Each structure stands twice: as structure tokens, then as C-alpha cells.
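Chemist: The file below is start-v3.cif, mmCIF, C-alpha atoms:
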```cif
data_run
loop_
_atom_site.label_atom_id
_atom_site.label_comp_id
_atom_site.auth_asym_id
_atom_site.auth_seq_id
_atom_site.Cartn_x
_atom_site.Cartn_y
_atom_site.Cartn_z
CA MET N 135 137.96 106.27 135.27
CA LYS N 136 137.88 105.58 131.56
CA ASP N 137 139.77 102.48 130.49
CA GLU N 138 141.77 103.73 127.50
CA SER N 139 143.16 100.27 126.87
CA VAL N 140 139.66 99.00 126.11
CA ASP N 141 139.02 101.88 123.70
CA GLY N 142 142.32 101.14 122.05
CA CYS N 143 141.41 97.50 121.58
CA VAL N 144 138.03 98.42 120.10
CA ASN N 145 139.54 100.94 117.69
CA SER N 146 142.26 98.49 116.73
CA PHE N 147 139.61 95.84 116.04
CA LYS N 148 137.62 98.24 113.88
CA GLN N 149 140.70 99.15 111.90
CA ARG N 150 141.72 95.55 111.27
CA GLN N 151 138.32 94.05 110.63
CA HIS N 152 135.95 94.65 107.74
CA PHE N 153 132.45 93.50 106.95
CA SER N 154 132.14 90.42 104.79
CA ARG N 155 132.12 91.36 101.11
CA ARG N 156 128.71 89.69 100.95
CA VAL N 157 127.06 92.40 103.04
CA LYS N 158 129.32 95.45 102.94
CA ASP N 159 127.41 97.07 100.06
CA VAL N 160 123.92 96.06 101.22
CA LYS N 161 121.87 99.14 102.07
CA PRO N 162 118.92 99.34 104.49
CA SER N 163 115.70 98.28 102.80
CA VAL N 164 112.95 100.76 102.01
CA TRP N 165 110.87 99.21 104.79
CA VAL N 166 113.36 100.28 107.46
CA GLU N 167 113.01 103.99 106.67
CA PHE N 168 109.31 104.20 105.93
CA THR N 169 108.07 101.91 108.68
CA SER N 170 110.03 103.97 111.21
CA LEU N 171 108.77 107.22 109.68
CA ALA N 172 105.15 106.05 109.85
CA VAL N 173 105.55 105.22 113.54
CA GLU N 174 107.33 108.49 114.26
CA CYS N 175 104.61 110.51 112.52
CA LYS N 176 101.74 108.39 113.91
CA ALA N 177 100.51 108.07 110.34
CA VAL N 178 97.76 105.98 108.81
CA ASN N 179 99.84 103.31 107.11
CA ILE N 180 98.77 101.85 103.76
CA GLY N 181 102.32 101.00 102.71
CA PRO N 182 103.35 97.63 104.19
CA GLY N 183 102.27 94.51 102.35
CA PHE N 184 100.32 92.75 105.06
CA PRO N 185 96.66 92.69 106.12
CA ASP N 186 95.51 94.35 109.31
CA THR N 187 92.13 92.61 109.22
CA PRO N 188 91.36 89.59 111.44
CA MET N 189 92.79 86.32 110.20
CA PRO N 190 90.32 83.64 109.06
CA ARG N 191 88.57 82.25 112.13
CA PHE N 192 88.99 78.64 111.07
CA VAL N 193 92.77 79.11 110.81
CA ALA N 194 92.93 80.79 114.22
CA GLY N 195 90.92 77.94 115.69
CA MET N 196 93.42 75.39 114.42
CA LEU N 197 96.37 77.09 116.12
CA GLU N 198 94.30 77.54 119.27
CA SER N 199 93.54 73.81 119.26
CA VAL N 200 97.25 73.03 119.02
CA ALA N 201 97.99 75.25 122.01
CA ARG N 202 95.23 73.60 124.06
CA HIS N 203 96.82 70.15 123.78
CA PRO N 204 100.11 70.22 125.71
CA GLU N 205 100.05 66.44 125.90
CA ARG N 206 100.64 66.25 122.14
CA THR N 207 104.40 66.48 122.37
CA ASP N 208 104.68 65.85 118.62
CA TRP N 209 102.99 69.23 118.12
CA HIS N 210 105.30 71.15 120.43
CA GLN N 211 108.81 69.78 119.95
CA TYR N 212 111.26 69.74 117.06
CA SER N 213 109.80 68.19 113.95
CA ARG N 214 111.34 66.72 110.82
CA SER N 215 113.97 69.13 109.48
CA PHE N 216 112.62 69.40 105.94
CA GLY N 217 108.99 69.78 106.98
CA TYR N 218 106.43 68.37 109.39
CA LEU N 219 104.99 65.37 107.57
CA ARG N 220 101.36 66.28 108.00
CA LEU N 221 102.09 69.61 106.31
CA THR N 222 104.27 68.18 103.54
CA ASN N 223 101.54 65.60 102.85
CA ALA N 224 98.99 68.41 102.49
CA LEU N 225 101.33 70.39 100.23
CA SER N 226 101.99 67.25 98.19
CA ARG N 227 98.27 66.82 97.66
CA LEU N 228 97.82 70.49 96.73
CA TYR N 229 100.71 70.87 94.31
CA SER N 230 100.28 67.46 92.70
CA SER N 231 96.91 68.82 91.63
CA THR N 232 97.89 72.37 90.65
CA LEU N 233 101.14 71.43 88.90
CA GLY N 234 99.85 68.24 87.31
CA VAL N 235 102.81 66.14 88.50
CA ASN N 236 103.46 63.71 91.32
CA VAL N 237 104.89 65.81 94.16
CA ASP N 238 106.37 63.45 96.74
CA ALA N 239 105.78 64.68 100.30
CA GLN N 240 109.23 63.65 101.54
CA GLN N 241 111.38 64.28 98.47
CA ASN N 242 109.87 67.27 96.69
CA VAL N 243 108.85 69.64 99.51
CA LEU N 244 111.02 71.82 101.76
CA VAL N 245 109.30 73.89 104.46
CA THR N 246 111.07 77.13 105.37
CA VAL N 247 110.75 80.09 107.73
CA GLY N 248 108.81 82.18 105.25
CA ALA N 249 109.16 82.43 101.48
CA TYR N 250 112.07 84.83 102.10
CA LEU N 251 114.24 81.88 103.13
CA SER N 252 113.06 79.79 100.20
CA LEU N 253 114.38 82.54 97.95
CA TYR N 254 117.60 82.91 99.93
CA TYR N 255 118.28 79.16 99.92
CA SER N 256 117.69 79.04 96.16
CA PHE N 257 120.24 81.75 95.45
CA MET N 258 122.79 80.55 98.00
CA GLY N 259 122.41 76.92 96.94
CA TRP N 260 122.67 77.40 93.19
CA LEU N 261 124.74 80.51 92.46
CA ASN N 262 128.50 80.76 92.15
CA ASP N 263 130.47 83.99 91.94
CA GLY N 264 129.68 85.77 88.69
CA ASP N 265 126.59 83.73 87.79
CA GLU N 266 123.95 85.96 86.24
CA VAL N 267 120.30 85.99 87.29
CA ILE N 268 117.59 87.47 85.11
CA ALA N 269 114.80 89.16 87.08
CA LEU N 270 111.94 91.45 86.14
CA ASP N 271 112.20 95.14 86.97
CA PRO N 272 110.44 96.32 89.11
CA ALA N 273 110.85 93.50 91.59
CA PHE N 274 110.37 92.75 95.26
CA ASP N 275 113.24 94.54 96.90
CA CYS N 276 114.96 91.51 98.51
CA TYR N 277 115.83 89.84 95.19
CA VAL N 278 118.81 92.00 94.25
CA PRO N 279 120.57 91.98 97.65
CA GLN N 280 120.01 88.24 98.08
CA ILE N 281 121.40 87.52 94.61
CA ARG N 282 124.44 89.69 95.30
CA MET N 283 125.06 88.13 98.72
CA ALA N 284 125.14 84.75 96.99
CA GLY N 285 127.79 86.04 94.57
CA GLY N 286 125.39 86.42 91.67
CA VAL N 287 124.92 89.30 89.26
CA PRO N 288 121.34 90.61 88.82
CA VAL N 289 120.32 91.28 85.22
CA PRO N 290 117.11 93.38 85.22
CA ILE N 291 114.49 93.11 82.48
CA LEU N 292 112.27 96.18 82.48
CA LEU N 293 108.50 95.78 82.37
CA ASN N 294 107.48 98.52 79.95
CA LEU N 295 104.46 100.59 80.94
CA SER N 296 102.14 102.04 78.30
CA SER N 297 101.74 105.82 78.11
CA GLU N 298 98.20 105.83 79.56
CA PRO N 299 98.12 102.81 81.88
CA ARG N 300 94.79 101.80 83.37
CA SER N 301 95.39 98.25 84.52
CA SER N 302 98.30 95.97 85.37
CA LYS N 303 97.91 94.44 81.90
CA ASP N 304 99.59 97.62 80.65
CA TYR N 305 102.89 96.44 82.11
CA MET N 306 104.37 94.59 79.15
CA LEU N 307 107.13 91.99 79.15
CA ASN N 308 109.23 91.79 76.00
CA VAL N 309 110.24 88.14 76.15
CA LYS N 310 112.71 88.64 73.32
CA ALA N 311 114.56 91.15 75.51
CA ILE N 312 115.18 88.33 77.99
CA GLU N 313 116.96 86.24 75.39
CA GLU N 314 119.03 89.24 74.34
CA LYS N 315 120.35 89.53 77.92
CA ILE N 316 121.34 85.87 78.22
CA SER N 317 125.08 85.19 78.25
CA ASN N 318 127.29 82.20 78.97
CA ARG N 319 127.15 83.25 82.65
CA THR N 320 123.36 83.21 82.92
CA LYS N 321 122.30 80.61 85.51
CA MET N 322 118.67 81.30 86.37
CA ILE N 323 115.54 83.36 85.85
CA VAL N 324 113.38 84.64 88.70
CA LEU N 325 109.72 84.82 87.66
CA ASN N 326 107.42 86.51 90.17
CA ASN N 327 103.86 85.71 89.14
CA PRO N 328 101.51 87.18 90.33
CA HIS N 329 103.84 90.16 90.30
CA ASN N 330 104.69 92.46 93.19
CA PRO N 331 104.56 95.51 93.09
CA THR N 332 102.54 95.89 89.87
CA GLY N 333 99.79 93.33 90.44
CA LYS N 334 100.35 92.00 86.93
CA LEU N 335 99.31 88.42 86.23
CA PHE N 336 101.17 86.65 83.44
CA THR N 337 98.34 84.73 81.82
CA ARG N 338 99.20 84.76 78.12
CA ARG N 339 100.33 81.27 77.33
CA ILE N 340 102.32 82.59 74.38
CA THR N 341 104.48 84.62 76.81
CA LEU N 342 104.97 81.80 79.29
CA TYR N 343 105.55 79.18 76.59
CA TYR N 344 108.13 81.40 74.89
CA LEU N 345 109.87 81.85 78.23
CA ALA N 346 109.78 78.08 78.80
CA ASN N 347 111.38 77.57 75.40
CA VAL N 348 114.16 80.02 76.33
CA VAL N 349 114.72 78.13 79.58
CA VAL N 350 115.17 74.82 77.76
CA ARG N 351 117.39 76.17 74.98
CA HIS N 352 119.75 77.87 77.42
CA ASN N 353 119.56 75.22 80.16
CA LEU N 354 118.39 77.63 82.86
CA LEU N 355 116.93 77.17 86.33
CA VAL N 356 113.69 78.99 87.16
CA ILE N 357 112.79 80.36 90.58
CA ALA N 358 109.01 80.74 90.41
CA ASP N 359 107.97 83.08 93.23
CA GLU N 360 104.22 82.41 93.29
CA VAL N 361 103.35 83.47 96.84
CA TYR N 362 100.31 85.45 95.62
CA GLU N 363 98.90 82.46 93.73
CA TRP N 364 95.53 82.75 95.49
CA HIS N 365 95.06 86.50 94.97
CA VAL N 366 93.76 86.54 91.39
CA TYR N 367 90.66 88.55 90.51
CA GLY N 368 87.70 88.24 88.18
CA ASP N 369 87.83 85.43 85.65
CA LYS N 370 91.64 85.45 85.45
CA LYS N 371 93.40 82.10 85.81
CA MET N 372 96.69 81.46 87.56
CA ILE N 373 99.14 79.55 85.35
CA ARG N 374 101.87 78.02 87.49
CA PHE N 375 105.15 77.93 85.62
CA ALA N 376 106.10 74.42 86.73
CA SER N 377 102.83 73.14 85.24
CA LEU N 378 104.03 73.95 81.71
CA PRO N 379 105.47 71.07 79.65
CA ASP N 380 108.96 70.06 80.81
CA MET N 381 109.19 72.93 83.32
CA TYR N 382 108.73 71.05 86.60
CA SER N 383 112.18 69.51 86.21
CA ARG N 384 113.74 72.99 85.91
CA THR N 385 111.68 74.98 88.42
CA ILE N 386 111.74 75.70 92.15
CA THR N 387 108.21 76.85 93.03
CA ILE N 388 107.91 79.03 96.13
CA GLY N 389 104.73 79.42 98.19
CA SER N 390 103.65 81.05 101.43
CA ALA N 391 101.21 80.22 104.21
CA GLY N 392 101.34 83.83 105.35
CA LYS N 393 100.01 85.02 102.01
CA ALA N 394 97.58 82.12 101.51
CA PHE N 395 95.86 82.42 104.88
CA SER N 396 96.53 86.10 105.66
CA VAL N 397 98.86 85.31 108.56
CA THR N 398 102.13 86.91 107.44
CA GLY N 399 103.49 86.92 111.00
CA TRP N 400 103.50 83.11 111.04
CA LYS N 401 106.47 83.20 108.65
CA LEU N 402 105.99 79.83 106.98
CA GLY N 403 106.87 79.13 103.36
CA TRP N 404 108.00 76.26 101.16
CA SER N 405 109.85 75.22 98.05
CA ILE N 406 108.42 72.62 95.67
CA ALA N 407 110.82 70.98 93.20
CA PRO N 408 112.45 67.73 92.09
CA ALA N 409 114.74 66.27 94.76
CA GLU N 410 117.92 67.15 92.86
CA LEU N 411 116.93 70.82 92.74
CA LEU N 412 116.05 70.89 96.44
CA GLU N 413 119.24 69.15 97.59
CA PRO N 414 121.44 72.28 97.98
CA LEU N 415 118.57 74.13 99.65
CA ARG N 416 118.20 71.30 102.16
CA GLN N 417 121.92 71.36 102.91
CA ILE N 418 121.70 75.04 103.85
CA HIS N 419 118.45 74.63 105.77
CA GLN N 420 119.57 71.74 107.97
CA ASN N 421 122.73 73.60 108.98
CA CYS N 422 121.13 77.00 109.42
CA VAL N 423 117.52 76.85 110.62
CA PHE N 424 117.24 73.05 110.96
CA THR N 425 113.48 73.03 111.49
CA CYS N 426 110.46 75.33 111.46
CA PRO N 427 107.98 75.91 114.32
CA THR N 428 105.97 72.72 114.72
CA PRO N 429 102.74 74.28 116.10
CA ILE N 430 102.52 76.60 113.10
CA GLN N 431 103.12 73.71 110.69
CA GLN N 432 100.41 71.65 112.37
CA ALA N 433 97.86 74.47 112.14
CA VAL N 434 98.71 75.23 108.50
CA ALA N 435 98.49 71.53 107.64
CA GLU N 436 94.98 71.36 109.09
CA ALA N 437 94.00 74.56 107.25
CA PHE N 438 95.13 73.14 103.92
CA GLU N 439 93.39 69.83 104.59
CA LYS N 440 90.14 71.69 105.17
CA GLU N 441 90.65 73.85 102.08
CA LEU N 442 91.52 70.90 99.86
CA ASP N 443 88.32 69.13 100.86
CA LEU N 444 86.31 72.28 100.14
CA MET N 445 88.00 72.81 96.77
CA GLU N 446 87.05 69.29 95.75
CA ASN N 447 83.55 69.14 97.22
CA ASN N 448 82.23 72.66 97.87
CA PRO N 449 84.46 75.28 96.19
CA THR N 450 82.05 78.16 96.82
CA GLU N 451 82.84 77.81 100.55
CA SER N 452 86.61 77.76 100.05
CA TYR N 453 88.55 80.67 101.53
CA LEU N 454 91.31 80.33 98.94
CA LYS N 455 89.02 79.84 95.95
CA LYS N 456 86.30 82.36 96.80
CA GLY N 457 86.44 84.09 100.18
CA ILE N 458 89.71 85.97 99.94
CA LYS N 459 89.11 87.02 96.34
CA SER N 460 85.68 88.46 97.09
CA GLU N 461 86.97 90.43 100.06
CA LEU N 462 89.99 91.81 98.23
CA SER N 463 88.09 92.70 95.05
CA GLN N 464 85.92 95.09 97.07
CA GLN N 465 88.92 96.60 98.84
CA ARG N 466 90.75 96.99 95.53
CA ASP N 467 87.86 98.95 94.04
CA GLN N 468 87.58 101.09 97.17
CA MET N 469 91.29 101.94 97.11
CA ALA N 470 91.10 102.90 93.43
CA SER N 471 88.23 105.26 94.21
CA ILE N 472 90.14 106.76 97.14
CA LEU N 473 93.21 107.47 95.03
CA ARG N 474 91.18 108.96 92.19
CA SER N 475 89.47 111.31 94.63
CA ALA N 476 92.90 112.79 95.42
CA GLY N 477 93.76 113.36 91.77
CA MET N 478 95.96 110.29 91.36
CA LYS N 479 95.69 107.75 88.55
CA PRO N 480 95.55 104.19 89.93
CA ILE N 481 96.68 101.20 87.87
CA ILE N 482 94.11 98.50 88.65
CA PRO N 483 95.81 95.18 89.49
CA ASP N 484 94.65 91.79 88.23
CA SER N 485 96.31 90.08 91.20
CA CYS N 486 98.12 90.56 94.54
CA TYR N 487 96.90 93.15 97.05
CA PHE N 488 98.96 96.12 95.94
CA MET N 489 98.14 99.08 93.74
CA VAL N 490 100.45 101.47 91.92
CA ALA N 491 99.22 105.02 91.32
CA ASP N 492 100.55 107.99 89.35
CA PHE N 493 100.67 111.18 91.44
CA SER N 494 102.35 113.37 88.80
CA GLN N 495 99.28 115.62 88.46
CA LEU N 496 99.59 116.70 92.08
CA ASP N 497 101.58 119.75 93.05
CA GLY N 498 103.37 120.72 96.22
CA PRO N 499 106.69 121.46 97.92
CA PHE N 500 107.84 117.88 97.43
CA LYS N 501 108.48 118.74 93.77
CA ILE N 502 111.41 120.93 94.79
CA ALA N 503 114.59 118.88 94.57
CA ASP N 504 116.33 118.33 97.90
CA ARG N 505 120.04 118.49 98.53
CA ASN N 506 120.29 114.71 98.37
CA ASN N 507 118.66 114.74 94.93
CA ASP N 508 116.30 111.97 96.06
CA PRO N 509 113.75 110.60 93.59
CA LEU N 510 110.45 112.46 93.41
CA ASP N 511 108.42 109.61 94.89
CA PHE N 512 110.68 109.43 97.95
CA ARG N 513 110.18 113.16 98.55
CA PHE N 514 106.42 112.84 98.02
CA VAL N 515 106.02 109.89 100.39
CA ARG N 516 108.07 111.57 103.12
CA TRP N 517 106.05 114.76 102.72
CA MET N 518 102.75 112.89 102.83
CA CYS N 519 103.78 111.05 105.96
CA ARG N 520 105.01 114.12 107.83
CA GLU N 521 102.41 116.64 106.69
CA LYS N 522 99.30 114.58 105.96
CA LYS N 523 99.93 111.62 108.28
CA LEU N 524 99.46 109.07 105.52
CA ALA N 525 102.22 106.52 104.85
CA MET N 526 102.83 104.86 101.48
CA ILE N 527 105.81 103.32 99.65
CA PRO N 528 107.80 105.02 96.85
CA ASN N 529 107.47 102.93 93.71
CA SER N 530 111.00 103.57 92.41
CA SER N 531 112.37 101.61 95.39
CA PHE N 532 111.40 98.45 93.48
CA TYR N 533 113.50 99.39 90.43
CA THR N 534 117.23 99.09 89.87
CA GLY N 535 119.79 101.56 88.51
CA SER N 536 118.72 103.78 85.65
CA ASN N 537 115.28 102.13 85.55
CA LYS N 538 114.37 104.23 88.60
CA GLN N 539 114.29 107.25 86.30
CA GLY N 540 110.86 107.73 84.79
CA ASN N 541 109.26 105.50 87.41
CA ASP N 542 109.48 107.91 90.34
CA ASN N 543 106.09 109.55 89.80
CA PHE N 544 104.25 106.54 91.26
CA ILE N 545 103.49 105.27 94.74
CA ARG N 546 102.59 101.74 95.83
CA VAL N 547 99.91 101.07 98.41
CA CYS N 548 98.44 97.94 99.99
CA PHE N 549 94.64 97.69 99.97
CA PHE N 550 94.36 94.62 102.23
CA LYS N 551 93.48 96.88 105.14
CA SER N 552 90.67 97.19 107.66
CA ASP N 553 87.66 99.41 107.02
CA LYS N 554 88.97 101.74 109.72
CA VAL N 555 92.31 102.23 107.93
CA LEU N 556 90.75 102.57 104.47
CA ASP N 557 88.20 105.07 105.77
CA ALA N 558 90.96 107.08 107.47
CA ALA N 559 93.02 107.10 104.27
CA GLU N 560 89.96 108.19 102.32
CA SER N 561 89.28 111.02 104.77
CA ILE N 562 92.85 112.29 104.45
CA LEU N 563 92.89 112.13 100.67
CA LYS N 564 89.41 113.58 100.14
CA SER N 565 90.45 116.69 102.03
CA PHE N 566 93.71 116.74 100.13
CA GLN N 567 94.85 120.31 99.52
CA MET N 568 98.43 120.61 98.39
CA THR N 569 100.23 123.58 99.93
#
```
Would you mind writing the file's structure down as C-alpha cells?
Modeler:
Amino acid sequence: MKDESVDGCVNSFKQRQHFSRRVKDVKPSVWVEFTSLAVECKAVNIGPGFPDTPMPRFVAGMLESVARHPERTDWHQYSRSFGYLRLTNALSRLYSSTLGVNVDAQQNVLVTVGAYLSLYYSFMGWLNDGDEVIALDPAFDCYVPQIRMAGGVPVPILLNLSSEPRSSKDYMLNVKAIEEKISNRTKMIVLNNPHNPTGKLFTRRITLYYLANVVVRHNLLVIADEVYEWHVYGDKKMIRFASLPDMYSRTITIGSAGKAFSVTGWKLGWSIAPAELLEPLRQIHQNCVFTCPTPIQQAVAEAFEKELDLMENNPTESYLKKGIKSELSQQRDQMASILRSAGMKPIIPDSCYFMVADFSQLDGPFKIADRNNDPLDFRFVRWMCREKKLAMIPNSSFYTGSNKQGNDNFIRVCFFKSDKVLDAAESILKSFQMT
């Protein structure tokens, strides 16, 4: 017999209670829909931003070694809340070199469960209601919801794309437009470099120095999301924002072990900054996550120790300096060829492992507007997944508001994929006949 009193209590609860204002307007991310659709359609998936190739053997061996030593209780129990010391020592050594400052292992490093939490802590720890945050558009899709959940107001700065783009250099940042958007409520700037989804690398010192000057004049905090710092191609050089004059004292630099060593499932990231900038992040961390998995920290510490020695003594053997770049350069060129063969126009990235491509020359039923009036790229990606069994990501999902318009004739793909997946994608696209 149905207990109507229980139903009544549930309905009464639903009527009285409401979601927190922090989350009530947050919509499902693009990954929720398109990951599920790819699984449902059993599609070849070149959308998600993670490798499906084997992780580096030396990194795997380090975690295996940790697991084979149960007697090392310090490797398998809770570790220091703000980061396992062997790892923070390795990160101190690394970033003292790359940033050109003294990074103290115990004061200037916070280890987090992925770079996602480093971002979240930064927004939650530094934003008050109504504080404005300048961020590039397009941007990784977690920025805007995280800023809003922290009470902040995102202020997008559009990267302008030239009329006939061939490379990620054709995404242009008007630094003067940033200053025009600054108000008395502006609190911080988020700088994602190398940039996802475009693959742009901000290398022009005139751009970065101008931005640094704006930061000083308006007393702003910078969140430097540099998780793709090791994925830079050709003779391009990574310029870390905190390495610029007077910027370390104003910058929280975010890095990722998952991106560095191609182990995204390990979910280990960090924030590097002066102690006073890290303090609010630490307060959140110690009362939320408290500590990160010790075995993972131990393995990553050993991996960085090995890499640091190679960088100093034998850089041609370094995975971070040479190995990963060589592998990804080949896959980048292969993906560009695959997309061209289907009649798309790829924009060749200088960094990251993503590629944006223009599909506007293709024709098909996806060009007929649906009743939801969804953007063209959403219709195209759904059609490709259902009809051609190839999954990608709609590029306009990385834009905000009216900036989505005019940027919905592109898709974003990830080329850090196995030969099997790339060959399957090539087979599908070579036989591409729009109907």
C-alpha cells in the first residue's frame, strides 16, 4: 500500500526548499551531453581532451613501485595537507627555475585534486559578490560557472579571429580592450596560456608586458592557468606570466600532473604563489579535501625528480622537453590532414593538443534549424555522432553569450589519440559523403 504521508512530506520538502543560489542557474556541461551521446552511438571519440595512448612507462613504473611497498606507510596514509613534501620539493625546484624566483616548498606550493580545484579555490578564496573577473573568450568551460558560484561576474574578452585563419596565431588579443572593460569592481584576470580550445600560445612579450602593466596599474590578481605548459611545438617558447617583472607577487600559477605526464585520471594539480595569495586557498582546501592521494603524489614526485635531472643533464632524453612534443607534433599534422580530407579547414595550433576546424563548406541536413534553434555546430556534432559514428565537440560551447554567434561553424577535436582512433577517424572522414 502506498504511503501517502511520505509522498506528502517529499512534496512539501520540494515546495519549501530551493537549490542554493550558487548552483541553481548552473547548466550541465557540454561534456555531459556529448560523452553520453558518444557512448550511446558507439562512436569513435575524438572530442574529450585526454590521451588514450599508453602513459609513459617510467611514470607507470613509479606508481607500480609505490604499490609494491606496503611497508612504506608514509606512502599509503594521509600526507601533509598542503602537499606531500617530496612532491612540493620537486615542484619548488621546477618552478624556482622556470619562474626565476625562490619558490619555497612549504610556503609557496599547494597540491590539489586536479587543476580544476586549484581554479575553484582561487575563485572561492578571492572573490566577493559582484567582483568582476576578466577572462578570454573562448575559454575552458568551467571558468564561467566557477566564477559565478563564487559570486563573481565574468567579463569576457573576445579573441578575434582573422577572416582566413590558418594557425592559432590568427586568434588575436586586443590588450587595449581588456583595459576598456576594467571597472572599480574588477578583481582578477584569468590568463589561460597555452590556450584551450584554440591552441594559441601567447609569446609576444609586448602583449604580455602590456597586460602586466595593466595588472599593476589596476592592482589586479592574475590566475595563470598554464596546465599545457609542456605542450608547445616547433621553436616556440613558453613565457610563464609569473616570470615577468613584478608579476610573481600578483599571480597564482596553476599546473597539472595529468597534463604533464599524460595521466589525466590521476587528478593531481597545484597552485604556485606567494604565501599570502595561497592563504585563502589553503583555508578552503584543509576544510574541504584536506589532503590528496599520497601514492599519486609520491609517484609524481619521482617522475619530476627524474625529469629535472634529465632537463639539466640530458634534455634530449626528457619526456617533457622532447618526447611529448615530438609525439604530439606528428599527431597534430595527421589530424590536420584528416580534417582537410573531409573538406574542413583546420586551424593549426602552436600548443595544447586540440585543434579547431571550420566545417562551413560542408553541406547536410544539420544545416536545417531545429525547433530548439540550437547553434549550427551543436546540430553538426550531434548529426556526425548519430549518423557517421564520429564524436567531436561543438566549438561555440566555449564561448559566452552573443560571442557564440559567428563561432558556431567550427568544431574542436583532440589529436592526442591512439593510432587506432586516428585511423578510424580518418576512415570515416575520407568516405565522408553528406546526405
Chemist: Quick one: distance from CA of Ser377 (chain N) to CA of Gly457 (chain N) in Å, one decimal?
Modeler: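 According to the coordinates, CA of Ser377 (chain N) and CA of Gly457 (chain N) are separated by 24.7 Å.
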Chemist: Starting from the shown file, work through the PyMOL selection byres ((chain N and resi 208-215) around 12) and note down what comes out as a PyMOL selection string.
Modeler: chain N and resi 196-197+199-207+216-222+240+243-247+415-433+435
Chemist: Just checking: using all atoms listed in the file, which residue out of N:Gly392, N:Pro182, N:Phe532, N:Met306 ends up closest to Arg338 (chain N)?
Modeler: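 Among the listed residues, the smallest separation from Arg338 (chain N) belongs to N:Met306.
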Chemist: For Asp263 (chain N), which of N:Arg155, N:Pro190, N:Asn179, N:Val160 is the closest residue, counting only C-alpha atoms?
Modeler: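 Distance minimum relative to Asp263 (chain N) lands on N:Arg155.
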Chemist: I'd like the contact shell of region 395-411 of chain N - 7 Å cut-off, all atoms listed in the file, skipping same-chain residues fewer than 2 positions apart - returned as JSON, numbers by chain.
Modeler: {"N": [184, 185, 189, 241, 242, 243, 244, 245, 246, 247, 248, 249, 252, 382, 383, 385, 386, 387, 388, 389, 390, 391, 392, 393, 413, 430]}
Chemist: Tell me which residues the PyMOL selection byres ((chain N and resi 549) around 6) grabs here, as a compact mmCIF listing (two decimals) with C-alpha atoms, keeping the file's coordinate frame.
Modeler:
```txt
# COMPACT_ATOMS: atom_id res chain seq x y z
CA GLN N 465 88.92 96.60 98.84
CA ARG N 466 90.75 96.99 95.53
CA TYR N 487 96.90 93.15 97.05
CA CYS N 548 98.44 97.94 99.99
CA PHE N 550 94.36 94.62 102.23
CA LYS N 551 93.48 96.88 105.14
```
Chemist: Using all atoms listed in the file, which of N:Gly195, N:Pro188, N:Pro509, N:Gly183 sits nearest Phe544 (chain N)?
Modeler: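 Of all the options, N:Pro509 lies closest to Phe544 (chain N).
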Chemist: Name the residues in contact with Ile458 (chain N) at a cut-off of 10 Å, using only C-alpha atoms, excluding same-chain residues fewer than 3 positions from it; report them as a list in words.
Modeler: Pro190, Trp364, His365, Val366, Tyr367, Ala394, Phe395, Ser396, Ser452, Tyr453, Leu454, Lys455, Glu461, Leu462 and Ser463 of chain N
Chemist: Could you tell me how far CA of Gly498 (chain N) sits from CA of Pro299 (chain N), in Å to one decimal place?
Modeler: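 So the answer is 23.5 Å.
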Chemist: For Leu524 (chain N), which of N:Gly368, N:Gly285, N:Pro414, N:Gly181 is the closest residue, counting all atoms listed in the file?
Modeler: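 Residue with the minimum atom-to-atom distance to Leu524 (chain N): N:Gly181.
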Chemist: Do you have the CA of Phe375 (chain N)-CA of Asp275 (chain N) distance handy?
Modeler: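 Answer for the CA of Phe375 (chain N) to CA of Asp275 (chain N) separation: 21.6 Å.
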